[in-house]
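Chemist: This is the content of query.cif (mmCIF, C-alpha atoms):
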data_model
#
loop_
_atom_site.group_PDB
_atom_site.id
_atom_site.type_symbol
_atom_site.label_atom_id
_atom_site.label_comp_id
_atom_site.auth_asym_id
_atom_site.auth_seq_id
_atom_site.Cartn_x
_atom_site.Cartn_y
_atom_site.Cartn_z
ATOM 1 C CA MET A 1 73.312 -143.283 127.032
ATOM 2 C CA GLU A 2 74.754 -146.371 128.656
ATOM 3 C CA SER A 3 76.112 -144.674 131.750
ATOM 4 C CA GLY A 4 73.190 -142.214 131.661
ATOM 5 C CA PRO A 5 69.494 -142.940 131.097
ATOM 6 C CA LEU A 6 69.984 -146.673 130.555
ATOM 7 C CA SER A 7 71.549 -147.087 133.976
ATOM 8 C CA THR A 8 69.043 -145.223 136.103
ATOM 9 C CA PRO A 9 66.576 -146.743 138.615
ATOM 10 C CA GLU A 10 63.760 -145.206 136.520
ATOM 11 C CA PHE A 11 64.969 -147.164 133.524
ATOM 12 C CA LYS A 12 64.904 -150.392 135.516
ATOM 13 C CA GLU A 13 61.236 -149.741 136.285
ATOM 14 C CA PHE A 14 60.514 -148.885 132.653
ATOM 15 C CA ALA A 15 62.319 -152.048 131.536
ATOM 16 C CA LYS A 16 59.693 -154.226 133.196
ATOM 17 C CA GLU A 17 57.051 -152.893 130.805
ATOM 18 C CA VAL A 18 58.864 -153.803 127.586
ATOM 19 C CA VAL A 19 61.204 -156.345 126.060
ATOM 20 C CA LEU A 20 64.654 -154.793 126.159
ATOM 21 C CA PHE A 21 66.659 -155.427 123.028
ATOM 22 C CA CYS A 22 70.178 -154.179 122.431
ATOM 23 C CA HIS A 23 71.568 -154.455 118.938
ATOM 24 C CA ILE A 24 75.298 -154.079 118.486
ATOM 25 C CA THR A 25 76.663 -153.315 115.037
ATOM 26 C CA THR A 26 79.985 -155.133 114.946
ATOM 27 C CA ARG A 27 81.109 -155.094 111.277
ATOM 28 C CA ILE A 28 82.080 -158.719 111.754
ATOM 29 C CA ALA A 29 81.684 -160.281 108.314
ATOM 30 C CA GLY A 30 78.757 -162.658 108.023
ATOM 31 C CA ARG A 31 77.361 -161.926 111.484
ATOM 32 C CA LYS A 32 73.601 -162.459 111.519
ATOM 33 C CA HIS A 33 71.522 -159.249 111.566
ATOM 34 C CA ASP A 34 74.635 -157.046 111.690
ATOM 35 C CA GLY A 35 72.963 -154.597 109.289
ATOM 36 C CA LEU A 36 69.794 -154.336 111.366
ATOM 37 C CA LEU A 37 70.337 -150.641 112.163
ATOM 38 C CA SER A 38 69.740 -149.497 108.595
ATOM 39 C CA GLU A 39 66.962 -152.066 108.106
ATOM 40 C CA LYS A 40 65.134 -150.341 110.933
ATOM 41 C CA GLY A 41 65.733 -146.859 109.561
ATOM 42 C CA GLY A 42 68.713 -145.911 111.712
ATOM 43 C CA ARG A 43 71.315 -143.560 110.292
ATOM 44 C CA GLY A 44 73.588 -143.205 113.283
ATOM 45 C CA PHE A 45 74.182 -144.101 116.899
ATOM 46 C CA PRO A 46 72.566 -144.301 119.298
ATOM 47 C CA TYR A 47 69.245 -145.167 117.709
ATOM 48 C CA LEU A 48 66.252 -146.040 119.840
ATOM 49 C CA VAL A 49 62.982 -147.449 118.595
ATOM 50 C CA VAL A 50 59.885 -149.258 119.727
ATOM 51 C CA MET A 51 58.979 -152.331 117.700
ATOM 52 C CA ASP A 52 56.249 -154.932 117.689
ATOM 53 C CA ALA A 53 56.797 -158.671 117.892
ATOM 54 C CA LYS A 54 57.343 -158.821 114.122
ATOM 55 C CA GLY A 55 60.136 -156.300 114.406
ATOM 56 C CA ASP A 56 58.199 -153.509 112.717
ATOM 57 C CA VAL A 57 59.216 -150.087 113.994
ATOM 58 C CA LEU A 58 56.205 -148.349 115.538
ATOM 59 C CA SER A 59 57.891 -145.271 116.926
ATOM 60 C CA THR A 60 61.303 -143.743 117.390
ATOM 61 C CA VAL A 61 62.635 -142.129 120.541
ATOM 62 C CA GLN A 62 62.912 -138.371 120.155
ATOM 63 C CA ASN A 63 63.891 -137.498 123.693
ATOM 64 C CA ARG A 64 66.666 -139.611 125.144
ATOM 65 C CA SER A 65 65.385 -139.817 128.676
ATOM 66 C CA VAL A 66 63.207 -142.373 130.428
ATOM 67 C CA ALA A 67 60.276 -139.977 129.973
ATOM 68 C CA GLY A 68 61.105 -139.903 126.269
ATOM 69 C CA PHE A 69 61.278 -143.710 126.157
ATOM 70 C CA ARG A 70 57.851 -143.912 127.764
ATOM 71 C CA ALA A 71 56.463 -141.376 125.319
ATOM 72 C CA ALA A 72 57.729 -143.474 122.406
ATOM 73 C CA VAL A 73 56.134 -146.603 123.868
ATOM 74 C CA GLU A 74 52.846 -144.727 124.344
ATOM 75 C CA THR A 75 52.939 -143.549 120.731
ATOM 76 C CA ALA A 76 53.567 -147.101 119.569
ATOM 77 C CA GLN A 77 50.791 -148.503 121.755
ATOM 78 C CA ALA A 78 48.359 -145.849 120.533
ATOM 79 C CA TYR A 79 49.159 -146.871 116.979
ATOM 80 C CA VAL A 80 48.603 -150.561 117.759
ATOM 81 C CA ASP A 81 45.266 -149.758 119.433
ATOM 82 C CA LEU A 82 44.158 -147.673 116.458
ATOM 83 C CA ALA A 83 45.307 -150.158 113.837
ATOM 84 C CA THR A 84 43.525 -153.063 115.517
ATOM 85 C CA LYS A 85 40.336 -151.189 116.312
ATOM 86 C CA GLU A 86 37.249 -152.198 114.376
ATOM 87 C CA ASP A 87 34.795 -149.586 113.075
ATOM 88 C CA ARG A 88 37.163 -146.643 113.157
ATOM 89 C CA THR A 89 35.574 -143.223 112.898
ATOM 90 C CA PRO A 90 36.616 -141.043 109.932
ATOM 91 C CA ALA A 91 38.746 -138.975 112.328
ATOM 92 C CA GLU A 92 40.481 -142.127 113.564
ATOM 93 C CA GLU A 93 40.988 -143.269 109.992
ATOM 94 C CA VAL A 94 42.771 -139.988 109.257
ATOM 95 C CA GLN A 95 44.889 -140.477 112.386
ATOM 96 C CA LEU A 96 45.791 -143.971 111.255
ATOM 97 C CA ILE A 97 46.768 -142.833 107.754
ATOM 98 C CA GLU A 98 48.914 -140.099 109.274
ATOM 99 C CA ALA A 99 50.573 -142.528 111.673
ATOM 100 C CA GLU A 100 51.255 -145.067 108.928
ATOM 101 C CA LEU A 101 52.663 -142.350 106.719
ATOM 102 C CA GLY A 102 55.033 -141.302 109.496
ATOM 103 C CA LEU A 103 56.098 -144.904 110.025
ATOM 104 C CA GLY A 104 56.623 -145.530 106.337
ATOM 105 C CA LYS A 105 53.895 -148.182 106.403
ATOM 106 C CA THR A 106 52.057 -146.440 103.597
ATOM 107 C CA THR A 107 53.348 -144.431 100.673
ATOM 108 C CA PRO A 108 52.253 -140.838 100.077
ATOM 109 C CA ALA A 109 50.421 -142.031 96.947
ATOM 110 C CA ASP A 110 48.510 -144.730 98.843
ATOM 111 C CA ALA A 111 47.756 -142.320 101.673
ATOM 112 C CA LEU A 112 46.228 -139.915 99.154
ATOM 113 C CA LYS A 113 44.098 -142.703 97.666
ATOM 114 C CA ARG A 114 42.829 -143.659 101.115
ATOM 115 C CA LEU A 115 42.037 -140.030 101.900
ATOM 116 C CA ASP A 116 40.172 -139.644 98.603
ATOM 117 C CA GLY A 117 37.977 -142.587 99.533
ATOM 118 C CA LEU A 118 37.193 -141.216 102.971
ATOM 119 C CA THR A 119 34.008 -139.321 103.783
ATOM 120 C CA GLY A 120 32.876 -137.576 106.907
ATOM 121 C CA ALA A 121 36.250 -136.434 108.208
ATOM 122 C CA ASP A 122 36.906 -132.874 109.312
ATOM 123 C CA GLU A 123 37.992 -130.885 106.257
ATOM 124 C CA ALA A 124 40.664 -128.926 108.091
ATOM 125 C CA VAL A 125 42.212 -132.133 109.425
ATOM 126 C CA VAL A 126 42.144 -133.718 105.976
ATOM 127 C CA LYS A 127 43.763 -130.637 104.449
ATOM 128 C CA LYS A 128 46.501 -130.740 107.074
ATOM 129 C CA LEU A 129 47.187 -134.351 106.209
ATOM 130 C CA ARG A 130 47.205 -133.584 102.487
ATOM 131 C CA ASP A 131 49.856 -130.921 103.204
ATOM 132 C CA THR A 132 51.851 -133.494 105.171
ATOM 133 C CA ILE A 133 51.605 -135.928 102.263
ATOM 134 C CA ALA A 134 52.800 -133.249 99.838
ATOM 135 C CA ALA A 135 55.733 -132.538 102.160
ATOM 136 C CA LYS A 136 56.598 -136.244 102.294
ATOM 137 C CA GLU A 137 56.518 -136.406 98.520
ATOM 138 C CA PHE A 138 58.838 -133.422 98.394
ATOM 139 C CA ASP A 139 61.130 -135.133 100.942
ATOM 140 C CA ALA A 140 61.476 -137.983 98.469
ATOM 141 C CA VAL A 141 62.399 -135.521 95.712
ATOM 142 C CA ILE A 142 65.020 -133.913 97.975
ATOM 143 C CA THR A 143 66.488 -137.259 99.002
ATOM 144 C CA LYS A 144 66.656 -138.479 95.424
ATOM 145 C CA ARG A 145 68.291 -135.261 94.274
ATOM 146 C CA LEU A 146 70.963 -135.537 96.942
ATOM 147 C CA GLU A 147 71.784 -139.168 96.277
ATOM 148 C CA GLY A 148 75.420 -139.746 95.563
ATOM 149 C CA ILE A 149 76.530 -136.135 95.587
ATOM 150 C CA ARG A 150 78.301 -135.959 98.915
ATOM 151 C CA GLN A 151 81.647 -136.917 97.520
ATOM 152 C CA ALA A 152 82.752 -133.533 96.193
ATOM 153 C CA SER A 153 86.487 -133.767 95.601
ATOM 154 C CA SER A 154 87.260 -130.095 95.181
ATOM 155 C CA GLN A 155 85.994 -126.709 96.280
ATOM 156 C CA GLU A 156 84.962 -125.933 92.697
ATOM 157 C CA GLU A 157 82.968 -129.123 92.439
ATOM 158 C CA ALA A 158 81.271 -128.487 95.776
ATOM 159 C CA ASP A 159 80.425 -124.913 94.816
ATOM 160 C CA ALA A 160 78.965 -126.134 91.534
ATOM 161 C CA ILE A 161 76.800 -128.655 93.376
ATOM 162 C CA VAL A 162 75.505 -126.025 95.795
ATOM 163 C CA ALA A 163 74.820 -123.664 92.897
ATOM 164 C CA GLU A 164 72.956 -126.262 90.878
ATOM 165 C CA ILE A 165 70.922 -127.906 93.618
ATOM 166 C CA GLY A 166 70.440 -124.677 95.522
ATOM 167 C CA ALA A 167 68.889 -123.096 92.435
ATOM 168 C CA GLU A 168 66.497 -126.032 92.087
ATOM 169 C CA PHE A 169 65.561 -125.926 95.765
ATOM 170 C CA TRP A 170 65.032 -122.167 95.642
ATOM 171 C CA GLU A 171 62.743 -122.556 92.641
ATOM 172 C CA ALA A 172 60.780 -125.274 94.460
ATOM 173 C CA TYR A 173 60.583 -123.154 97.594
ATOM 174 C CA GLN A 174 59.191 -120.236 95.614
ATOM 175 C CA ALA A 175 56.612 -122.608 94.113
ATOM 176 C CA GLY A 176 55.388 -123.288 97.652
ATOM 177 C CA LYS A 177 57.077 -126.649 98.220
ATOM 178 C CA ARG A 178 58.321 -127.421 101.708
ATOM 179 C CA PRO A 179 59.957 -130.478 103.267
ATOM 180 C CA SER A 180 58.252 -132.332 106.101
ATOM 181 C CA ASP A 181 59.463 -131.983 109.666
ATOM 182 C CA ASP A 182 61.916 -134.847 109.173
ATOM 183 C CA MET A 183 64.901 -133.275 110.883
ATOM 184 C CA GLN A 184 67.628 -134.458 108.553
ATOM 185 C CA THR A 185 65.856 -133.825 105.264
ATOM 186 C CA ALA A 186 64.574 -130.418 106.286
ATOM 187 C CA THR A 187 67.895 -129.297 107.744
ATOM 188 C CA THR A 188 69.757 -130.312 104.622
ATOM 189 C CA PHE A 189 67.182 -128.591 102.408
ATOM 190 C CA TYR A 190 67.259 -125.325 104.329
ATOM 191 C CA SER A 191 71.053 -125.416 104.705
ATOM 192 C CA LEU A 192 71.479 -125.717 100.966
ATOM 193 C CA LEU A 193 68.923 -122.990 100.386
ATOM 194 C CA MET A 194 70.847 -120.726 102.750
ATOM 195 C CA GLN A 195 74.254 -121.560 101.294
ATOM 196 C CA TYR A 196 72.985 -121.007 97.787
ATOM 197 C CA GLY A 197 71.593 -117.625 98.860
ATOM 198 C CA ILE A 198 74.871 -116.608 100.486
ATOM 199 C CA MET A 199 76.938 -117.785 97.529
ATOM 200 C CA LYS A 200 74.756 -116.113 94.912
ATOM 201 C CA LYS A 201 73.941 -113.054 97.033
ATOM 202 C CA ASN A 202 70.301 -114.059 96.833
ATOM 203 C CA ALA A 203 68.811 -112.514 99.960
ATOM 204 C CA GLY A 204 65.462 -114.289 99.586
ATOM 205 C CA SER A 205 66.982 -117.740 99.408
ATOM 206 C CA ALA A 206 69.473 -117.009 102.197
ATOM 207 C CA ARG A 207 66.730 -115.745 104.495
ATOM 208 C CA ALA A 208 64.338 -118.607 103.683
ATOM 209 C CA GLY A 209 67.093 -121.101 104.460
ATOM 210 C CA LEU A 210 68.032 -119.416 107.709
ATOM 211 C CA ASP A 211 64.398 -119.129 108.817
ATOM 212 C CA GLY A 212 63.917 -122.828 108.129
ATOM 213 C CA ILE A 213 66.960 -123.713 110.213
ATOM 214 C CA VAL A 214 65.845 -121.436 113.036
ATOM 215 C CA ALA A 215 62.351 -122.957 112.975
ATOM 216 C CA MET A 216 63.849 -126.407 113.396
ATOM 217 C CA HIS A 217 66.735 -125.697 115.745
ATOM 218 C CA GLY A 218 66.150 -122.231 117.214
ATOM 219 C CA ASP A 219 65.162 -123.580 120.607
ATOM 220 C CA ASN A 220 68.260 -125.732 120.861
ATOM 221 C CA PRO A 221 70.788 -123.803 122.980
ATOM 222 C CA GLN A 222 73.653 -125.874 121.605
ATOM 223 C CA ALA A 223 72.799 -124.834 118.048
ATOM 224 C CA LYS A 224 72.670 -121.155 118.935
ATOM 225 C CA PRO A 225 76.331 -120.192 118.225
ATOM 226 C CA GLN A 226 76.213 -121.772 114.758
ATOM 227 C CA ILE A 227 72.862 -120.168 113.996
ATOM 228 C CA GLU A 228 74.232 -116.767 114.994
ATOM 229 C CA LYS A 229 77.134 -117.210 112.566
ATOM 230 C CA PHE A 230 74.655 -118.041 109.820
ATOM 231 C CA ARG A 231 72.501 -115.080 110.788
ATOM 232 C CA LYS A 232 75.427 -112.668 110.355
ATOM 233 C CA GLN A 233 76.227 -114.092 106.926
ATOM 234 C CA VAL A 234 72.609 -113.821 105.822
ATOM 235 C CA GLU A 235 72.306 -110.273 107.143
ATOM 236 C CA GLU A 236 75.413 -109.309 105.165
ATOM 237 C CA VAL A 237 73.781 -110.632 102.014
ATOM 238 C CA GLU A 238 70.591 -108.748 102.833
ATOM 239 C CA ALA A 239 72.517 -105.532 103.504
ATOM 240 C CA GLY A 240 74.325 -105.892 100.202
ATOM 241 C CA SER A 241 71.130 -106.360 98.256
ATOM 242 C CA LYS A 242 69.523 -103.127 99.480
ATOM 243 C CA MET B 1 72.255 -131.412 118.563
ATOM 244 C CA LYS B 2 73.936 -134.418 117.031
ATOM 245 C CA ARG B 3 71.342 -134.650 114.294
ATOM 246 C CA PHE B 4 71.578 -130.914 113.752
ATOM 247 C CA ALA B 5 75.318 -131.138 113.437
ATOM 248 C CA ALA B 6 75.201 -134.236 111.276
ATOM 249 C CA SER B 7 72.667 -132.942 108.821
ATOM 250 C CA LEU B 8 74.203 -129.512 108.648
ATOM 251 C CA LEU B 9 77.551 -131.147 108.158
ATOM 252 C CA GLY B 10 76.280 -132.865 105.033
ATOM 253 C CA ALA B 11 75.330 -129.582 103.508
ATOM 254 C CA LEU B 12 78.321 -127.663 104.819
ATOM 255 C CA LEU B 13 80.733 -130.244 103.519
ATOM 256 C CA LEU B 14 79.326 -129.611 100.088
ATOM 257 C CA ALA B 15 79.994 -125.923 100.472
ATOM 258 C CA GLY B 16 83.403 -126.504 101.928
ATOM 259 C CA GLY B 17 84.432 -128.886 99.194
ATOM 260 C CA LEU B 18 85.411 -131.553 101.632
ATOM 261 C CA ALA B 19 84.957 -135.121 100.700
ATOM 262 C CA THR B 20 83.029 -137.357 103.076
ATOM 263 C CA PRO B 21 84.357 -140.787 102.294
ATOM 264 C CA ALA B 22 82.696 -143.721 103.973
ATOM 265 C CA VAL B 23 85.669 -144.252 106.227
ATOM 266 C CA ALA B 24 85.670 -147.722 107.650
ATOM 267 C CA GLN B 25 86.062 -147.094 111.344
ATOM 268 C CA GLY B 26 87.262 -149.748 113.668
ATOM 269 C CA GLY B 27 88.982 -152.628 112.002
ATOM 270 C CA GLY B 28 91.366 -154.758 113.911
ATOM 271 C CA ASP B 29 89.999 -157.251 116.359
ATOM 272 C CA LEU B 30 86.276 -156.849 115.814
ATOM 273 C CA GLN B 31 85.366 -159.919 117.858
ATOM 274 C CA GLY B 32 87.517 -158.644 120.720
ATOM 275 C CA LYS B 33 85.778 -155.282 120.556
ATOM 276 C CA LEU B 34 82.384 -156.976 120.676
ATOM 277 C CA ASP B 35 83.455 -159.066 123.659
ATOM 278 C CA LYS B 36 84.580 -155.894 125.410
ATOM 279 C CA LYS B 37 81.244 -154.244 124.733
ATOM 280 C CA LEU B 38 79.342 -157.253 126.028
ATOM 281 C CA ALA B 39 81.422 -157.197 129.200
ATOM 282 C CA GLU B 40 80.189 -153.723 130.166
ATOM 283 C CA GLY B 41 78.175 -153.622 133.346
ATOM 284 C CA TRP B 42 74.941 -152.173 132.042
ATOM 285 C CA ILE B 43 74.408 -154.832 129.376
ATOM 286 C CA LYS B 44 74.949 -157.645 131.849
ATOM 287 C CA ASP B 45 71.491 -156.923 133.238
ATOM 288 C CA PRO B 46 69.560 -160.069 132.312
ATOM 289 C CA LEU B 47 66.667 -157.957 131.040
ATOM 290 C CA TRP B 48 68.732 -157.015 127.993
ATOM 291 C CA ILE B 49 68.419 -159.389 125.049
ATOM 292 C CA THR B 50 71.034 -159.062 122.333
ATOM 293 C CA ASP B 51 69.570 -161.663 119.982
ATOM 294 C CA TYR B 52 67.007 -160.135 117.604
ATOM 295 C CA ASP B 53 65.042 -163.339 117.021
ATOM 296 C CA GLU B 54 64.882 -164.046 120.739
ATOM 297 C CA ALA B 55 63.610 -160.518 121.428
ATOM 298 C CA LYS B 56 60.823 -160.920 118.858
ATOM 299 C CA GLN B 57 59.882 -164.294 120.294
ATOM 300 C CA LYS B 58 59.753 -162.909 123.820
ATOM 301 C CA ALA B 59 57.630 -159.967 122.662
ATOM 302 C CA GLY B 60 55.222 -162.382 120.953
ATOM 303 C CA GLU B 61 54.923 -164.506 124.058
ATOM 304 C CA SER B 62 54.579 -161.657 126.541
ATOM 305 C CA GLY B 63 52.468 -159.285 124.445
ATOM 306 C CA LYS B 64 54.935 -156.514 125.240
ATOM 307 C CA LEU B 65 56.514 -154.107 122.801
ATOM 308 C CA ILE B 66 60.247 -154.240 122.082
ATOM 309 C CA PHE B 67 62.364 -151.313 123.196
ATOM 310 C CA GLY B 68 65.314 -151.399 120.812
ATOM 311 C CA TYR B 69 68.623 -149.721 121.563
ATOM 312 C CA PHE B 70 71.116 -149.726 118.705
ATOM 313 C CA THR B 71 74.762 -149.226 119.478
ATOM 314 C CA ARG B 72 78.101 -150.398 118.058
ATOM 315 C CA SER B 73 81.245 -152.145 119.128
ATOM 316 C CA TYR B 74 83.537 -151.630 116.112
ATOM 317 C CA SER B 75 84.716 -148.177 117.167
ATOM 318 C CA TYR B 76 85.496 -149.315 120.701
#
If you convert what's in this file into structure tokens, what do you get?
Modeler:
Amino acid sequence: MESGPLSTPEFKEFAKEVVLFCHITTRIAGRKHDGLLSEKGGRGFPYLVVMDAKGDVLSTVQNRSVAGFRAAVETAQAYVDLATKEDRTPAEEVQLIEAELGLGKTTPADALKRLDGLTGADEAVVKKLRDTIAAKEFDAVITKRLEGIRQASSQEEADAIVAEIGAEFWEAYQAGKRPSDDMQTATTFYSLLMQYGIMKKNAGSARAGLDGIVAMHGDNPQAKPQIEKFRKQVEEVEAGSK
Amino acid sequence: MKRFAASLLGALLLAGGLATPAVAQGGGDLQGKLDKKLAEGWIKDPLWITDYDEAKQKAGESGKLIFGYFTRSYSY
């Protein structure tokens, strides 16, 4: 990042349009704002966001290039424009609810309430947002279920965890529940679904997990070798179940 | 790719039975590591603000949005 996109002439031009803020996590005890990364939703480095003057995160950078930085700023500005607009149309109100849901500025429950009180919006758009809300609610279930279980101290313990949680996830999947497009939550969900399927020779679960991973990462050339390994394992399970 | 690897890792570690302790990276001279980070060429550009409160104040005054880049010095 630092010797790449952040050091280009294009970045210097971009920098004039924003306030550039660099936060350095130091782990120096008592240092002011040292835990800001997690406060702003960061889980690793580097983490790039666009914030308003209050420090509220309005968008996160998905593509680590100057074009990606600009896109994130545009998303943030569009949100600000929408949020401050008076007399929003029903369609704009739906857009705003969706944006606030994505930013964590509204809970799935509150978003549903706001949608219930809305009239005149396109039904298909509202349905899409209701599906998104359901996925967000399921994300919360997944996250809660995975809390504190990443410290398996033995193979047996790890296998037991995969068996137990994988079974629950498979049941939820069959009931039509799906995670949102949050990369980390969805990847973990589908990985566990796939591992459970491979471990238990459950071709349906293994395939559903693999398909989910492919849908999220299939166009990433760097992920291809790992996906192909998974594919072989899943196909072995499928061949064995015929 | 990093996110792919990281999130898959979480699940694969479960399957592999490997523990993922919150290893405290870094240690040692944390202030020295921070000083080293702050001495890098790119961050010396005066456009970069490293003080959170100052960045918010400047954004308020200028009406601009804050572009936040989060990095670390402890694993220097």
Chemist: At a cut-off of 10 Å, using only C-alpha atoms, what residues contact region 33-36 of chain B? Leave out same-chain residues fewer than 4 positions from it and give the result as a count of residues only.
Modeler: 15
Chemist: What's the separation between CA of Val66 (chain A) and CA of Glu39 (chain A), in Å to one decimal place?
Modeler: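 CA of Glu39 (chain A) lies at a distance of 24.6 Å from CA of Val66 (chain A).
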Chemist: Expanded to explicit residues, what is the PyMOL selection byres ((chain A and resi 65) around 10) for this file, as an mmCIF file with C-alpha atoms, keeping the file's coordinate frame?
Modeler:
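To be explicit, this is the file written out as part.cif:
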data_model
loop_
_atom_site.group_PDB
_atom_site.id
_atom_site.type_symbol
_atom_site.label_atom_id
_atom_site.label_comp_id
_atom_site.auth_asym_id
_atom_site.auth_seq_id
_atom_site.Cartn_x
_atom_site.Cartn_y
_atom_site.Cartn_z
ATOM 1 C CA MET A 1 73.312 -143.283 127.032
ATOM 2 C CA GLY A 4 73.190 -142.214 131.661
ATOM 3 C CA PRO A 5 69.494 -142.940 131.097
ATOM 4 C CA LEU A 6 69.984 -146.673 130.555
ATOM 5 C CA THR A 8 69.043 -145.223 136.103
ATOM 6 C CA GLU A 10 63.760 -145.206 136.520
ATOM 7 C CA PHE A 11 64.969 -147.164 133.524
ATOM 8 C CA VAL A 61 62.635 -142.129 120.541
ATOM 9 C CA GLN A 62 62.912 -138.371 120.155
ATOM 10 C CA ASN A 63 63.891 -137.498 123.693
ATOM 11 C CA ARG A 64 66.666 -139.611 125.144
ATOM 12 C CA VAL A 66 63.207 -142.373 130.428
ATOM 13 C CA ALA A 67 60.276 -139.977 129.973
ATOM 14 C CA GLY A 68 61.105 -139.903 126.269
ATOM 15 C CA PHE A 69 61.278 -143.710 126.157
ATOM 16 C CA ARG A 70 57.851 -143.912 127.764
ATOM 17 C CA ALA A 71 56.463 -141.376 125.319
#
Chemist: Please write as a list in words the list of polymer residues whose atoms come within 12 Å of (78.1, -115.0, 96.8), counting only C-alpha atoms and keeping to the coordinates of the file.
Modeler: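 Residues with an atom at most 12 Å from (78.1, -115.0, 96.8): Asp159, Val162, Ala163, Met194, Gln195, Tyr196, Gly197, Ile198, Met199, Lys200, Lys201, Asn202, Ala203, Ser205, Ala206, Gln233, Val234, Glu236, Val237, Glu238, Gly240 and Ser241 of chain A; Ala15 of chain B.
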Chemist: Check every residue of chain A for an atom within 8 Å of chain B, counting only C-alpha atoms, and provide those that qualify as a PDB file with C-alpha atoms, keeping the file's coordinate frame.
Modeler:
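Result file result38.pdb:
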ATOM      1  CA  GLU A   2      74.754-146.371 128.656  1.00  0.00           C
ATOM      2  CA  SER A   3      76.112-144.674 131.750  1.00  0.00           C
ATOM      3  CA  LEU A   6      69.984-146.673 130.555  1.00  0.00           C
ATOM      4  CA  SER A   7      71.549-147.087 133.976  1.00  0.00           C
ATOM      5  CA  ALA A  15      62.319-152.048 131.536  1.00  0.00           C
ATOM      6  CA  GLU A  17      57.051-152.893 130.805  1.00  0.00           C
ATOM      7  CA  VAL A  18      58.864-153.803 127.586  1.00  0.00           C
ATOM      8  CA  VAL A  19      61.204-156.345 126.060  1.00  0.00           C
ATOM      9  CA  LEU A  20      64.654-154.793 126.159  1.00  0.00           C
ATOM     10  CA  PHE A  21      66.659-155.427 123.028  1.00  0.00           C
ATOM     11  CA  CYS A  22      70.178-154.179 122.431  1.00  0.00           C
ATOM     12  CA  HIS A  23      71.568-154.455 118.938  1.00  0.00           C
ATOM     13  CA  ILE A  24      75.298-154.079 118.486  1.00  0.00           C
ATOM     14  CA  THR A  25      76.663-153.315 115.037  1.00  0.00           C
ATOM     15  CA  THR A  26      79.985-155.133 114.946  1.00  0.00           C
ATOM     16  CA  ARG A  27      81.109-155.094 111.277  1.00  0.00           C
ATOM     17  CA  ILE A  28      82.080-158.719 111.754  1.00  0.00           C
ATOM     18  CA  HIS A  33      71.522-159.249 111.566  1.00  0.00           C
ATOM     19  CA  LEU A  37      70.337-150.641 112.163  1.00  0.00           C
ATOM     20  CA  PHE A  45      74.182-144.101 116.899  1.00  0.00           C
ATOM     21  CA  PRO A  46      72.566-144.301 119.298  1.00  0.00           C
ATOM     22  CA  TYR A  47      69.245-145.167 117.709  1.00  0.00           C
ATOM     23  CA  LEU A  48      66.252-146.040 119.840  1.00  0.00           C
ATOM     24  CA  VAL A  49      62.982-147.449 118.595  1.00  0.00           C
ATOM     25  CA  VAL A  50      59.885-149.258 119.727  1.00  0.00           C
ATOM     26  CA  MET A  51      58.979-152.331 117.700  1.00  0.00           C
ATOM     27  CA  ASP A  52      56.249-154.932 117.689  1.00  0.00           C
ATOM     28  CA  ALA A  53      56.797-158.671 117.892  1.00  0.00           C
ATOM     29  CA  LYS A  54      57.343-158.821 114.122  1.00  0.00           C
ATOM     30  CA  GLY A  55      60.136-156.300 114.406  1.00  0.00           C
ATOM     31  CA  VAL A  73      56.134-146.603 123.868  1.00  0.00           C
ATOM     32  CA  ARG A 150      78.301-135.959  98.915  1.00  0.00           C
ATOM     33  CA  GLN A 151      81.647-136.917  97.520  1.00  0.00           C
ATOM     34  CA  ALA A 152      82.752-133.533  96.193  1.00  0.00           C
ATOM     35  CA  SER A 153      86.487-133.767  95.601  1.00  0.00           C
ATOM     36  CA  SER A 154      87.260-130.095  95.181  1.00  0.00           C
ATOM     37  CA  GLN A 155      85.994-126.709  96.280  1.00  0.00           C
ATOM     38  CA  GLU A 156      84.962-125.933  92.697  1.00  0.00           C
ATOM     39  CA  GLU A 157      82.968-129.123  92.439  1.00  0.00           C
ATOM     40  CA  ALA A 158      81.271-128.487  95.776  1.00  0.00           C
ATOM     41  CA  ASP A 159      80.425-124.913  94.816  1.00  0.00           C
ATOM     42  CA  ILE A 161      76.800-128.655  93.376  1.00  0.00           C
ATOM     43  CA  VAL A 162      75.505-126.025  95.795  1.00  0.00           C
ATOM     44  CA  MET A 183      64.901-133.275 110.883  1.00  0.00           C
ATOM     45  CA  GLN A 184      67.628-134.458 108.553  1.00  0.00           C
ATOM     46  CA  THR A 185      65.856-133.825 105.264  1.00  0.00           C
ATOM     47  CA  THR A 187      67.895-129.297 107.744  1.00  0.00           C
ATOM     48  CA  THR A 188      69.757-130.312 104.622  1.00  0.00           C
ATOM     49  CA  SER A 191      71.053-125.416 104.705  1.00  0.00           C
ATOM     50  CA  LEU A 192      71.479-125.717 100.966  1.00  0.00           C
ATOM     51  CA  GLN A 195      74.254-121.560 101.294  1.00  0.00           C
ATOM     52  CA  HIS A 217      66.735-125.697 115.745  1.00  0.00           C
ATOM     53  CA  ASN A 220      68.260-125.732 120.861  1.00  0.00           C
ATOM     54  CA  GLN A 222      73.653-125.874 121.605  1.00  0.00           C
ATOM     55  CA  ALA A 223      72.799-124.834 118.048  1.00  0.00           C
TER      56      ALA A 223
END
Chemist: Given the file shown, determine the residues that the PyMOL selection byres ((chain A and resi 116) around 12) selects; report them as a list in words.
Modeler: Pro90, Glu93, Val94, Ile97, Ala109, Asp110, Ala111, Leu112, Lys113, Arg114, Leu115, Gly117, Leu118, Thr119, Gly120, Ala121, Glu123, Val126, Lys127, Leu129 and Arg130 of chain A
Chemist: Distance CA of Ser180 (chain A)-CA of Lys136 (chain A), one decimal place?
Modeler: 5.7 Å
Chemist: Figure out the distance between CA of Gly166 (chain A) and CA of Glu235 (chain A), please, to one decimal in Å.
Modeler: 18.6 Å
